[in-house]
>>> print(open('work24.cif').read())   # mmCIF, C-alpha atoms and all ligand atoms
data_work
loop_
_atom_site.group_PDB
_atom_site.id
_atom_site.type_symbol
_atom_site.label_atom_id
_atom_site.label_comp_id
_atom_site.auth_asym_id
_atom_site.auth_seq_id
_atom_site.Cartn_x
_atom_site.Cartn_y
_atom_site.Cartn_z
ATOM 1 C CA MET A 1 72.783 9.148 48.350
ATOM 2 C CA LYS A 2 69.800 8.295 50.451
ATOM 3 C CA CYS A 3 68.033 11.270 49.038
ATOM 4 C CA SER A 4 68.688 10.340 45.414
ATOM 5 C CA ASN A 5 67.606 6.712 46.152
ATOM 6 C CA PHE A 6 64.441 8.127 47.584
ATOM 7 C CA ILE A 7 63.842 10.292 44.483
ATOM 8 C CA ILE A 8 64.518 7.337 42.187
ATOM 9 C CA SER A 9 62.142 5.168 44.120
ATOM 10 C CA ILE A 10 59.525 7.918 43.855
ATOM 11 C CA PHE A 11 60.095 8.003 40.074
ATOM 12 C CA VAL A 12 59.938 4.200 39.853
ATOM 13 C CA GLY A 13 56.854 4.173 42.031
ATOM 14 C CA ALA A 14 55.187 6.844 39.936
ATOM 15 C CA PHE A 15 56.145 4.956 36.768
ATOM 16 C CA LEU A 16 54.667 1.708 38.104
ATOM 17 C CA LEU A 17 51.553 3.611 39.140
ATOM 18 C CA ILE A 18 51.184 4.994 35.580
ATOM 19 C CA ILE A 19 51.757 1.516 34.098
ATOM 20 C CA SER A 20 49.201 -0.021 36.426
ATOM 21 C CA CYS A 21 46.739 2.781 35.664
ATOM 22 C CA SER A 22 47.067 2.270 31.927
ATOM 23 C CA ASP A 23 46.816 -1.473 32.535
ATOM 24 C CA ASP A 24 43.502 -0.759 34.214
ATOM 25 C CA GLU A 25 42.334 1.160 31.152
ATOM 26 C CA ASP A 26 43.367 -1.647 28.822
ATOM 27 C CA SER A 27 41.597 -4.332 30.776
ATOM 28 C CA CYS A 28 38.086 -3.320 29.701
ATOM 29 C CA THR A 29 35.108 -5.590 29.533
ATOM 30 C CA GLU A 30 34.867 -7.059 26.058
ATOM 31 C CA THR A 31 31.411 -7.614 24.632
ATOM 32 C CA THR A 32 30.216 -9.387 21.522
ATOM 33 C CA TRP A 33 29.314 -7.269 18.513
ATOM 34 C CA TYR A 34 27.330 -8.517 15.516
ATOM 35 C CA GLN A 35 27.849 -7.443 11.939
ATOM 36 C CA ASP A 36 25.194 -5.095 10.543
ATOM 37 C CA SER A 37 26.129 -4.832 6.890
ATOM 38 C CA ASP A 38 22.708 -3.574 5.782
ATOM 39 C CA GLY A 39 22.727 -0.784 8.362
ATOM 40 C CA ASP A 40 19.261 -1.520 9.723
ATOM 41 C CA GLY A 41 20.477 -1.586 13.327
ATOM 42 C CA LEU A 42 19.983 -5.337 13.576
ATOM 43 C CA GLY A 43 23.088 -7.547 13.726
ATOM 44 C CA ASN A 44 23.813 -10.838 12.024
ATOM 45 C CA PRO A 45 23.986 -13.633 14.651
ATOM 46 C CA GLU A 46 26.372 -15.564 12.333
ATOM 47 C CA GLU A 47 29.039 -12.815 12.134
ATOM 48 C CA SER A 48 30.367 -11.564 15.457
ATOM 49 C CA LEU A 49 33.547 -10.366 17.177
ATOM 50 C CA SER A 50 34.563 -9.306 20.689
ATOM 51 C CA ALA A 51 35.754 -5.788 21.449
ATOM 52 C CA CYS A 52 35.600 -3.163 24.151
ATOM 53 C CA GLU A 53 34.376 -0.413 21.897
ATOM 54 C CA GLN A 54 31.656 -0.810 19.248
ATOM 55 C CA PRO A 55 33.439 -1.464 15.930
ATOM 56 C CA GLU A 56 32.216 0.294 12.813
ATOM 57 C CA GLY A 57 29.513 -1.750 11.071
ATOM 58 C CA TYR A 58 28.747 -3.803 14.159
ATOM 59 C CA VAL A 59 25.886 -3.600 16.649
ATOM 60 C CA ALA A 60 24.985 -5.243 19.957
ATOM 61 C CA ASP A 61 21.769 -6.634 18.521
ATOM 62 C CA ASN A 62 21.822 -10.117 16.983
ATOM 63 C CA THR A 63 18.290 -10.490 15.666
ATOM 64 C CA ASP A 64 18.616 -9.595 11.976
ATOM 65 C CA THR A 65 16.822 -12.302 10.047
ATOM 66 C CA ASP A 66 17.427 -10.852 6.598
ATOM 67 C CA GLU A 67 21.022 -9.672 6.973
ATOM 68 C CA GLY A 68 22.605 -9.473 3.558
ATOM 69 C CA GLU A 69 19.319 -8.805 1.810
ATOM 70 C CA GLU A 70 19.211 -5.225 0.705
ATOM 71 C CA ASP A 71 16.573 -2.984 2.185
ATOM 72 C CA THR A 72 14.903 -0.890 -0.446
ATOM 73 C CA ASP A 73 15.490 2.821 -0.507
ATOM 74 C CA THR A 74 12.922 4.130 -2.945
ATOM 75 C CA ASP A 75 13.290 7.728 -1.881
ATOM 76 C CA GLY A 76 17.037 7.841 -2.425
ATOM 77 C CA ASP A 77 17.794 9.221 1.010
ATOM 78 C CA THR A 78 19.942 6.158 1.809
ATOM 79 C CA GLY A 79 17.554 5.222 4.586
ATOM 80 C CA GLY A 80 15.768 1.923 4.099
ATOM 81 C CA THR A 81 11.987 2.044 3.944
ATOM 82 C CA PRO A 82 9.889 -0.608 5.617
ATOM 83 C CA SER A 83 8.994 -3.426 3.265
ATOM 84 C CA THR A 84 5.612 -3.005 1.622
ATOM 85 C CA GLY A 85 5.550 -6.551 0.246
ATOM 86 C CA SER A 86 4.809 -7.547 -3.310
ATOM 87 C CA THR A 87 1.340 -7.788 -4.820
ATOM 88 C CA PRO A 88 -0.172 -11.280 -4.484
ATOM 89 C CA LEU A 89 -0.782 -12.438 -8.044
ATOM 90 C CA SER A 90 -3.875 -14.501 -7.169
ATOM 91 C CA ALA A 91 -5.715 -11.178 -6.677
ATOM 92 C CA PHE A 92 -5.757 -10.832 -10.458
ATOM 93 C CA ASP A 93 -7.974 -13.926 -10.740
ATOM 94 C CA GLU A 94 -10.770 -11.691 -9.395
ATOM 95 C CA PHE A 95 -10.929 -9.553 -12.518
ATOM 96 C CA ASN A 96 -13.790 -10.010 -15.006
ATOM 97 C CA THR A 97 -12.174 -11.990 -17.814
ATOM 98 C CA ASP A 98 -14.810 -10.872 -20.355
ATOM 99 C CA SER A 99 -13.482 -7.320 -20.167
ATOM 100 C CA VAL A 100 -10.064 -7.433 -18.538
ATOM 101 C CA THR A 101 -6.816 -8.991 -19.747
ATOM 102 C CA ILE A 102 -3.972 -9.324 -17.264
ATOM 103 C CA SER A 103 -0.440 -9.901 -18.527
ATOM 104 C CA PHE A 104 2.695 -10.523 -16.511
ATOM 105 C CA ASP A 105 6.069 -9.512 -17.901
ATOM 106 C CA GLY A 106 9.001 -9.843 -15.541
ATOM 107 C CA ASP A 107 8.199 -7.669 -12.573
ATOM 108 C CA GLU A 108 5.502 -5.737 -14.451
ATOM 109 C CA ILE A 109 1.776 -6.377 -14.551
ATOM 110 C CA THR A 110 -0.430 -4.879 -17.247
ATOM 111 C CA ILE A 111 -4.165 -4.578 -16.687
ATOM 112 C CA GLU A 112 -6.063 -3.873 -19.878
ATOM 113 C CA SER A 113 -9.826 -3.307 -19.887
ATOM 114 C CA ASN A 114 -12.561 -2.382 -22.334
ATOM 115 C CA GLY A 115 -14.533 -0.833 -19.443
ATOM 116 C CA LEU A 116 -17.653 -2.979 -19.893
ATOM 117 C CA PRO A 117 -19.102 -4.131 -16.534
ATOM 118 C CA ASN A 118 -20.403 -7.664 -15.871
ATOM 119 C CA HIS A 119 -23.435 -6.427 -13.950
ATOM 120 C CA THR A 120 -26.803 -4.893 -14.650
ATOM 121 C CA SER A 121 -27.282 -1.126 -14.891
ATOM 122 C CA PRO A 122 -29.766 1.442 -16.195
ATOM 123 C CA TYR A 123 -26.765 2.884 -18.036
ATOM 124 C CA TRP A 124 -26.734 -0.041 -20.494
ATOM 125 C CA ALA A 125 -28.657 0.610 -23.722
ATOM 126 C CA THR A 126 -32.185 -0.764 -23.298
ATOM 127 C CA THR A 127 -31.435 -3.337 -25.987
ATOM 128 C CA GLU A 128 -28.562 -4.833 -23.974
ATOM 129 C CA PRO A 129 -29.214 -7.995 -21.893
ATOM 130 C CA LEU A 130 -27.789 -6.369 -18.732
ATOM 131 C CA TYR A 131 -30.094 -3.333 -18.942
ATOM 132 C CA ILE A 132 -32.388 -2.870 -15.922
ATOM 133 C CA ASP A 133 -34.672 -0.073 -14.790
ATOM 134 C CA ARG A 134 -33.204 2.221 -12.181
ATOM 135 C CA ILE A 135 -33.555 0.952 -8.602
ATOM 136 C CA VAL A 136 -31.567 3.638 -6.758
ATOM 137 C CA GLY A 137 -31.230 7.356 -7.479
ATOM 138 C CA ASP A 138 -33.554 9.472 -9.569
ATOM 139 C CA HIS A 139 -31.878 10.455 -12.831
ATOM 140 C CA SER A 140 -29.270 9.325 -15.330
ATOM 141 C CA THR A 141 -26.479 11.301 -16.879
ATOM 142 C CA PRO A 142 -26.503 11.303 -20.703
ATOM 143 C CA GLY A 143 -25.232 8.359 -22.734
ATOM 144 C CA THR A 144 -25.077 4.583 -22.417
ATOM 145 C CA ILE A 145 -22.307 2.171 -21.476
ATOM 146 C CA ARG A 146 -19.910 1.759 -24.385
ATOM 147 C CA SER A 147 -16.621 0.037 -24.940
ATOM 148 C CA GLY A 148 -13.468 1.990 -24.095
ATOM 149 C CA SER A 149 -9.802 1.291 -23.487
ATOM 150 C CA TYR A 150 -7.945 1.447 -20.201
ATOM 151 C CA ILE A 151 -4.375 0.198 -19.922
ATOM 152 C CA LEU A 152 -2.443 0.322 -16.651
ATOM 153 C CA THR A 153 1.051 -1.097 -16.204
ATOM 154 C CA VAL A 154 2.335 -1.389 -12.629
ATOM 155 C CA SER A 155 5.186 -2.985 -10.737
ATOM 156 C CA ASN A 156 4.386 -6.229 -8.940
ATOM 157 C CA ASP A 157 6.419 -4.795 -6.064
ATOM 158 C CA PRO A 158 5.115 -1.221 -5.701
ATOM 159 C CA LYS A 159 6.671 1.020 -3.046
ATOM 160 C CA ILE A 160 5.416 3.831 -0.858
ATOM 161 C CA ALA A 161 6.726 7.066 -2.409
ATOM 162 C CA ALA A 162 8.555 9.805 -0.491
ATOM 163 C CA THR A 163 5.594 12.086 -1.140
ATOM 164 C CA SER A 164 1.982 11.134 -1.840
ATOM 165 C CA SER A 165 0.241 12.168 -5.077
ATOM 166 C CA ALA A 166 -3.139 13.789 -5.538
ATOM 167 C CA THR A 167 -5.391 12.071 -8.064
ATOM 168 C CA GLY A 168 -6.944 13.874 -11.019
ATOM 169 C CA LEU A 169 -10.123 13.635 -13.041
ATOM 170 C CA GLY A 170 -10.490 10.487 -15.134
ATOM 171 C CA ALA A 171 -9.519 6.921 -14.285
ATOM 172 C CA ILE A 172 -7.419 6.536 -11.130
ATOM 173 C CA GLY A 173 -7.677 2.750 -11.159
ATOM 174 C CA ILE A 174 -9.343 -0.253 -12.767
ATOM 175 C CA SER A 175 -11.979 -2.217 -10.869
ATOM 176 C CA VAL A 176 -12.419 -5.998 -10.887
ATOM 177 C CA THR A 177 -15.449 -5.594 -13.176
ATOM 178 C CA GLY A 178 -13.304 -3.720 -15.712
ATOM 179 C CA VAL A 179 -14.969 -0.372 -15.064
ATOM 180 C CA PRO A 180 -12.568 2.510 -14.336
ATOM 181 C CA ILE A 181 -12.453 3.882 -10.763
ATOM 182 C CA TYR A 182 -12.760 7.671 -10.439
ATOM 183 C CA ASN A 183 -11.979 9.785 -7.377
ATOM 184 C CA ASP A 184 -14.329 11.916 -5.244
ATOM 185 C CA GLN A 185 -14.678 14.743 -7.762
ATOM 186 C CA GLU A 186 -17.009 15.108 -10.711
ATOM 187 C CA ARG A 187 -15.395 18.305 -11.930
ATOM 188 C CA ALA A 188 -11.960 19.692 -11.029
ATOM 189 C CA ASN A 189 -11.793 20.724 -7.352
ATOM 190 C CA GLU A 190 -15.516 20.056 -6.910
ATOM 191 C CA PRO A 191 -16.267 17.287 -4.434
ATOM 192 C CA LEU A 192 -19.186 15.018 -5.285
ATOM 193 C CA ASP A 193 -22.473 16.639 -4.301
ATOM 194 C CA LEU A 194 -25.843 15.073 -3.502
ATOM 195 C CA GLU A 195 -27.261 16.003 -6.904
ATOM 196 C CA THR A 196 -24.486 14.091 -8.671
ATOM 197 C CA THR A 197 -24.777 11.051 -6.397
ATOM 198 C CA THR A 198 -28.506 10.647 -7.087
ATOM 199 C CA GLY A 199 -27.500 9.941 -10.684
ATOM 200 C CA PHE A 200 -25.445 6.894 -9.666
ATOM 201 C CA ASP A 201 -26.761 3.381 -10.289
ATOM 202 C CA TYR A 202 -26.610 0.680 -7.591
ATOM 203 C CA ALA A 203 -23.023 -0.027 -8.654
ATOM 204 C CA GLY A 204 -21.986 3.490 -7.633
ATOM 205 C CA GLY A 205 -21.387 4.456 -11.254
ATOM 206 C CA HIS A 206 -22.668 6.794 -13.917
ATOM 207 C CA ASN A 207 -21.816 8.020 -17.370
ATOM 208 C CA GLY A 208 -19.515 10.926 -18.062
ATOM 209 C CA PRO A 209 -17.707 12.325 -21.082
ATOM 210 C CA GLY A 210 -15.041 9.624 -20.618
ATOM 211 C CA GLY A 211 -17.594 6.815 -20.391
ATOM 212 C CA TYR A 212 -19.130 4.770 -17.571
ATOM 213 C CA HIS A 213 -17.183 4.877 -14.276
ATOM 214 C CA TYR A 214 -17.501 4.302 -10.515
ATOM 215 C CA HIS A 215 -17.148 6.899 -7.745
ATOM 216 C CA VAL A 216 -18.738 5.250 -4.690
ATOM 217 C CA GLU A 217 -19.310 1.874 -3.069
ATOM 218 C CA SER A 218 -22.194 -0.119 -4.514
ATOM 219 C CA SER A 219 -25.604 -0.307 -2.808
ATOM 220 C CA ASP A 220 -26.916 -3.240 -0.810
ATOM 221 C CA VAL A 221 -29.749 -4.187 -3.174
ATOM 222 C CA GLU A 222 -30.940 -7.578 -4.397
ATOM 223 C CA ALA A 223 -29.833 -6.869 -7.951
ATOM 224 C CA ASN A 224 -26.263 -6.455 -6.750
ATOM 225 C CA THR A 225 -24.789 -9.907 -7.160
ATOM 226 C CA THR A 226 -21.308 -8.842 -8.273
ATOM 227 C CA LEU A 227 -19.977 -5.880 -6.370
ATOM 228 C CA SER A 228 -18.482 -5.410 -2.933
ATOM 229 C CA HIS A 229 -20.739 -3.863 -0.302
ATOM 230 C CA ASP A 230 -19.474 -3.474 3.267
ATOM 231 C CA ASP A 231 -17.175 -6.468 2.962
ATOM 232 C CA GLY A 232 -13.539 -7.263 2.230
ATOM 233 C CA GLU A 233 -13.811 -8.131 -1.444
ATOM 234 C CA LEU A 234 -11.239 -6.840 -3.902
ATOM 235 C CA ILE A 235 -12.430 -3.601 -5.530
ATOM 236 C CA GLY A 236 -9.609 -3.161 -8.040
ATOM 237 C CA ILE A 237 -6.123 -1.793 -8.503
ATOM 238 C CA LEU A 238 -5.134 1.879 -8.343
ATOM 239 C CA ALA A 239 -2.673 3.733 -10.565
ATOM 240 C CA ASP A 240 0.203 3.335 -8.086
ATOM 241 C CA GLY A 241 -0.094 -0.451 -8.264
ATOM 242 C CA PHE A 242 -1.619 -0.948 -4.810
ATOM 243 C CA LEU A 243 -4.783 -3.043 -4.540
ATOM 244 C CA LEU A 244 -8.010 -1.529 -3.184
ATOM 245 C CA TYR A 245 -10.237 -3.701 -0.983
ATOM 246 C CA GLY A 246 -13.680 -3.161 0.530
ATOM 247 C CA ARG A 247 -14.310 -1.588 3.919
ATOM 248 C CA ARG A 248 -13.653 -4.726 5.943
ATOM 249 C CA GLU A 249 -10.743 -7.095 6.328
ATOM 250 C CA ASP A 250 -11.889 -10.276 4.578
ATOM 251 C CA THR A 251 -9.831 -12.520 6.841
ATOM 252 C CA THR A 252 -11.387 -11.178 10.092
ATOM 253 C CA GLY A 253 -14.582 -9.440 8.972
ATOM 254 C CA ASN A 254 -13.519 -6.383 10.982
ATOM 255 C CA TYR A 255 -13.019 -2.805 9.878
ATOM 256 C CA PRO A 256 -9.258 -2.264 9.980
ATOM 257 C CA SER A 257 -8.275 0.232 12.675
ATOM 258 C CA ASP A 258 -4.716 1.018 11.570
ATOM 259 C CA LEU A 259 -5.341 2.685 8.205
ATOM 260 C CA ASP A 260 -3.268 5.668 7.069
ATOM 261 C CA VAL A 261 -4.870 8.846 5.642
ATOM 262 C CA SER A 262 -5.359 7.105 2.301
ATOM 263 C CA GLY A 263 -6.991 4.016 3.781
ATOM 264 C CA GLY A 264 -3.825 1.979 3.377
ATOM 265 C CA HIS A 265 -1.962 -0.365 5.677
ATOM 266 C CA VAL A 266 0.402 -3.316 5.593
ATOM 267 C CA GLY A 267 -1.369 -6.582 6.253
ATOM 268 C CA SER A 268 -2.391 -9.863 4.711
ATOM 269 C CA THR A 269 -5.529 -10.411 2.651
ATOM 270 C CA GLN A 270 -7.448 -13.407 1.333
ATOM 271 C CA HIS A 271 -5.069 -13.370 -1.651
ATOM 272 C CA SER A 272 -1.725 -13.262 0.100
ATOM 273 C CA ASP A 273 -1.486 -16.544 2.038
ATOM 274 C CA GLU A 274 -0.690 -14.646 5.251
ATOM 275 C CA GLU A 275 2.089 -12.650 3.539
ATOM 276 C CA GLU A 276 1.793 -8.970 4.439
ATOM 277 C CA PHE A 277 1.768 -6.244 1.798
ATOM 278 C CA TYR A 278 0.552 -2.663 1.518
ATOM 279 C CA HIS A 279 -3.015 -2.287 0.252
ATOM 280 C CA TYR A 280 -5.870 0.200 0.519
ATOM 281 C CA HIS A 281 -9.347 -0.249 1.933
ATOM 282 C CA ILE A 282 -12.431 1.818 1.217
ATOM 283 C CA ILE A 283 -12.517 4.226 4.166
ATOM 284 C CA ASN A 284 -15.594 3.443 6.253
ATOM 285 C CA GLU A 285 -17.235 6.867 6.410
ATOM 286 C CA PHE A 286 -20.030 8.675 4.601
ATOM 287 C CA TYR A 287 -18.754 11.196 2.084
ATOM 288 C CA VAL A 288 -21.980 12.869 1.020
ATOM 289 C CA GLY A 289 -25.403 11.580 2.053
ATOM 290 C CA SER A 290 -24.972 7.846 2.587
ATOM 291 C CA ASN A 291 -22.374 7.562 -0.174
ATOM 292 C CA ILE A 292 -19.009 6.028 0.629
ATOM 293 C CA VAL A 293 -16.343 6.994 -1.910
ATOM 294 C CA LEU A 294 -14.122 4.258 -3.275
ATOM 295 C CA PHE A 295 -10.978 6.378 -3.051
ATOM 296 C CA GLY A 296 -10.932 10.088 -2.271
ATOM 297 C CA ALA A 297 -7.403 10.465 -0.896
ATOM 298 C CA ASP A 298 -3.861 10.805 -2.198
ATOM 299 C CA LEU A 299 -2.014 7.856 -3.675
ATOM 300 C CA GLN A 300 0.774 6.725 -1.357
ATOM 301 C CA GLY A 301 2.752 5.126 -4.179
ATOM 302 C CA THR A 302 4.022 6.517 -7.476
ATOM 303 C CA PRO A 303 1.130 6.771 -9.932
ATOM 304 C CA ASN A 304 1.450 5.204 -13.372
ATOM 305 C CA THR A 305 -0.484 6.707 -16.266
ATOM 306 C CA ILE A 306 -3.679 4.915 -17.225
ATOM 307 C CA LEU A 307 -3.632 5.037 -21.002
HETATM 308 ZN ZN ZN B 1 -18.290 10.844 -12.622
HETATM 309 ZN ZN ZN B 2 -6.185 -4.814 4.955
#
>>> encode(input="work24.cif", output="structure tokens")
Amino acid sequence: MKCSNFIISIFVGAFLLIISCSDDEDSCTETTWYQDSDGDGLGNPEESLSACEQPEGYVADNTDTDEGEEDTDTDGDTGGTPSTGSTPLSAFDEFNTDSVTISFDGDEITIESNGLPNHTSPYWATTEPLYIDRIVGDHSTPGTIRSGSYILTVSNDPKIAATSSATGLGAIGISVTGVPIYNDQERANEPLDLETTTGFDYAGGHNGPGGYHYHVESSDVEANTTLSHDDGELIGILADGFLLYGRREDTTGNYPSDLDVSGGHVGSTQHSDEEEFYHYHIINEFYVGSNIVLFGADLQGTPNTIL
């Protein structure tokens, strides 16, 4: 009898021990978890619950300021991409209204130009009021400036693409003067050489089969009253919808130090009222001789066709 009492008490004791052990496991330390419905790792401070283990869709962080707003996923990999900001519309006030028409339609912007610059050049016909004798370089390519047609339609909210795109021959953008922007090649896979650059006028342009166009930054000469030189003025818009600015940051006067391989970064400009958005700068380095190309890299966005 004593023995069986002893065995029972061992069983009861063991049972109580198990109960108390599992009680210990149940009494965990509850912490507060915040809802993260957009999956960016930042929780909504307004939506929380307490639990021992992290519930699905909740995080410990409570600093999400845009919870509920969808992060964009332009590359379709279900991962959100960092916001690149939308294009500040006041930038389009910089375009030469004699040659360029800007139209806004929903979230699309169309830039239409006849390609005629609002500055002097030896490439104008001698009978034109803006004709001047050459002040830089030593020769001109054949032909004179003539009216053309360049039409570029872009999103007002362009995104960085999953892969960058090489540019081709022909217009890769439209400058504020209305003149098309070309890349760093005169012929396919042939970088600009010194011989070609000595044919440029002070605006960094010359004539080609497709008409008058720019390749490089303009010269610092007295006749240059219109174009950006070593400053932060707007140069134009490229085919992917991102704006191209001069070598410096207009707001600080400094050369930006955080540019990507294409000269782009996210920041504010004189047009964006401190809102940050992705834009390019002319990369501050000599390309050939003392020429600084306007844009000789890959486009980081998705290029639209310039018609
Ligand atoms: Zn050219
Ligand atoms: Zn900038």
>>> resolve_selection(input="work24.cif", expression="the PyMOL selection byres (((chain A and resi 151-168) around 9) and not hetatm)", output="ChimeraX atom specification")
/A:72,74-76,81,83-89,104,106-114,149-150,169-174,182-183,185,188,238-242,278,296-307
>>> residues_near_ligand(input="work24.cif", ligand="ligand ZN 1 (chain B)", cutoff="10 Å", atoms="only C-alpha atoms and all ligand atoms", output="count of residues only")
29
>>> atom_distance(input="work24.cif", atom1="atom CA of A:Pro191", atom2="atom CA of A:Tyr287")
9.3 Å
>>> residues_near_ligand(input="work24.cif", ligand="ligand ZN 2 (chain B)", cutoff="8 Å", atoms="all atoms listed in the file", output="list of chain:residue names")
A:Tyr245, A:Arg248, A:Glu249, A:Asp250, A:Pro256, A:Gly264, A:His265, A:Val266, A:Gly267, A:Ser268, A:Thr269, A:Tyr278, A:His279, A:Tyr280, A:His281
>>> resolve_selection(input="work24.cif", expression="the PyMOL selection byres (((chain A and resi 289) around 10) and not hetatm)", output="NGL selection string")
:A and (193-194 or 197-198 or 286-288 or 290-292)
>>> closest_residue(input="work24.cif", among="A:Thr126, A:Asn118, A:Thr32, A:Asn44", to="A:Phe95", atoms="all atoms listed in the file")
A:Asn118
>>> residues_around(input="work24.cif", residues="A:Val221", least_positions_apart="3", cutoff="10 Å", atoms="only C-alpha atoms", output="ChimeraX atom specification")
/A:135-136,202-203,218,224-225,229
>>> atom_distance(input="work24.cif", atom1="atom CA of A:Ala51", atom2="atom CA of A:Glu30")
4.9 Å
>>> closest_residue(input="work24.cif", among="A:Ser99, A:Glu195, A:Leu42, A:Glu53", to="A:Asp138", atoms="only C-alpha atoms")
A:Glu195
>>> atom_distance(input="work24.cif", atom1="atom CA of A:Ser257", atom2="atom CA of A:Ser90")
25.1 Å
>>> residues_around(input="work24.cif", residues="A:Trp124", least_positions_apart="6", cutoff="9 Å", atoms="only C-alpha atoms", output="list in words")
Leu130, Tyr131, Ile132, Gly143, Thr144, Ile145 and Arg146 of chain A
>>> closest_residue(input="work24.cif", among="A:Glu46, A:Glu56, A:Asp36, A:Glu94", to="A:Ser228", atoms="all atoms listed in the file")
A:Glu94
>>> closest_residue(input="work24.cif", among="A:Ile235, A:Ala60, A:Val176, A:Cys52", to="A:Thr101", atoms="all atoms listed in the file")
A:Val176
>>> residues_near_point(input="work24.cif", point="(-27.9, 3.8, -16.0)", cutoff="7 Å", atoms="all atoms listed in the file", output="ChimeraX atom specification")
/A:121-124,134,140,201,206
>>> write_last_selection(input="work24.cif", atoms="C-alpha atoms", output="PDB file, in the coordinates of the input")
ATOM      1  CA  SER A 121     -27.282  -1.126 -14.891  1.00  0.00           C
ATOM      2  CA  PRO A 122     -29.766   1.442 -16.195  1.00  0.00           C
ATOM      3  CA  TYR A 123     -26.765   2.884 -18.036  1.00  0.00           C
ATOM      4  CA  TRP A 124     -26.734  -0.041 -20.494  1.00  0.00           C
ATOM      5  CA  ARG A 134     -33.204   2.221 -12.181  1.00  0.00           C
ATOM      6  CA  SER A 140     -29.270   9.325 -15.330  1.00  0.00           C
ATOM      7  CA  ASP A 201     -26.761   3.381 -10.289  1.00  0.00           C
ATOM      8  CA  HIS A 206     -22.668   6.794 -13.917  1.00  0.00           C
TER       9      HIS A 206
END
>>> closest_residue(input="work24.cif", among="A:Asp231, A:Leu116, A:Gln35, A:Asp133", to="A:Leu49", atoms="all atoms listed in the file")
A:Gln35
>>> build_atoms(input="work24.cif", residues="stretch 268-272 of chain A", atoms="all heavy atoms", output="PDB file, keeping the file's coordinate frame")
ATOM      1  N   SER A 268      -2.116  -8.785   5.663  1.00  0.00           N
ATOM      2  CA  SER A 268      -2.391  -9.863   4.711  1.00  0.00           C
ATOM      3  C   SER A 268      -3.833  -9.744   4.236  1.00  0.00           C
ATOM      4  O   SER A 268      -4.646  -9.051   4.858  1.00  0.00           O
ATOM      5  CB  SER A 268      -2.157 -11.220   5.366  1.00  0.00           C
ATOM      6  OG  SER A 268      -3.057 -11.388   6.445  1.00  0.00           O
ATOM      7  N   THR A 269      -4.148 -10.355   3.137  1.00  0.00           N
ATOM      8  CA  THR A 269      -5.529 -10.411   2.651  1.00  0.00           C
ATOM      9  C   THR A 269      -5.827 -11.846   2.239  1.00  0.00           C
ATOM     10  O   THR A 269      -4.950 -12.714   2.313  1.00  0.00           O
ATOM     11  CB  THR A 269      -5.763  -9.498   1.424  1.00  0.00           C
ATOM     12  OG1 THR A 269      -5.155 -10.091   0.277  1.00  0.00           O
ATOM     13  CG2 THR A 269      -5.197  -8.104   1.639  1.00  0.00           C
ATOM     14  N   GLN A 270      -7.046 -12.074   1.782  1.00  0.00           N
ATOM     15  CA  GLN A 270      -7.448 -13.407   1.333  1.00  0.00           C
ATOM     16  C   GLN A 270      -6.619 -13.887   0.150  1.00  0.00           C
ATOM     17  O   GLN A 270      -6.657 -15.062  -0.193  1.00  0.00           O
ATOM     18  CB  GLN A 270      -8.952 -13.419   0.972  1.00  0.00           C
ATOM     19  CG  GLN A 270      -9.368 -12.484  -0.169  1.00  0.00           C
ATOM     20  CD  GLN A 270      -9.751 -11.098   0.307  1.00  0.00           C
ATOM     21  OE1 GLN A 270      -9.122 -10.540   1.204  1.00  0.00           O
ATOM     22  NE2 GLN A 270     -10.786 -10.542  -0.310  1.00  0.00           N
ATOM     23  N   HIS A 271      -5.860 -12.972  -0.486  1.00  0.00           N
ATOM     24  CA  HIS A 271      -5.069 -13.370  -1.651  1.00  0.00           C
ATOM     25  C   HIS A 271      -3.611 -13.639  -1.334  1.00  0.00           C
ATOM     26  O   HIS A 271      -2.861 -14.083  -2.200  1.00  0.00           O
ATOM     27  CB  HIS A 271      -5.135 -12.263  -2.722  1.00  0.00           C
ATOM     28  CG  HIS A 271      -6.528 -11.978  -3.169  1.00  0.00           C
ATOM     29  ND1 HIS A 271      -7.177 -10.792  -2.914  1.00  0.00           N
ATOM     30  CD2 HIS A 271      -7.421 -12.761  -3.823  1.00  0.00           C
ATOM     31  CE1 HIS A 271      -8.400 -10.850  -3.405  1.00  0.00           C
ATOM     32  NE2 HIS A 271      -8.576 -12.025  -3.957  1.00  0.00           N
ATOM     33  N   SER A 272      -3.173 -13.313  -0.108  1.00  0.00           N
ATOM     34  CA  SER A 272      -1.725 -13.262   0.100  1.00  0.00           C
ATOM     35  C   SER A 272      -1.170 -14.402   0.949  1.00  0.00           C
ATOM     36  O   SER A 272       0.019 -14.392   1.277  1.00  0.00           O
ATOM     37  CB  SER A 272      -1.344 -11.923   0.745  1.00  0.00           C
ATOM     38  OG  SER A 272      -1.855 -11.832   2.058  1.00  0.00           O
TER      39      SER A 272
END
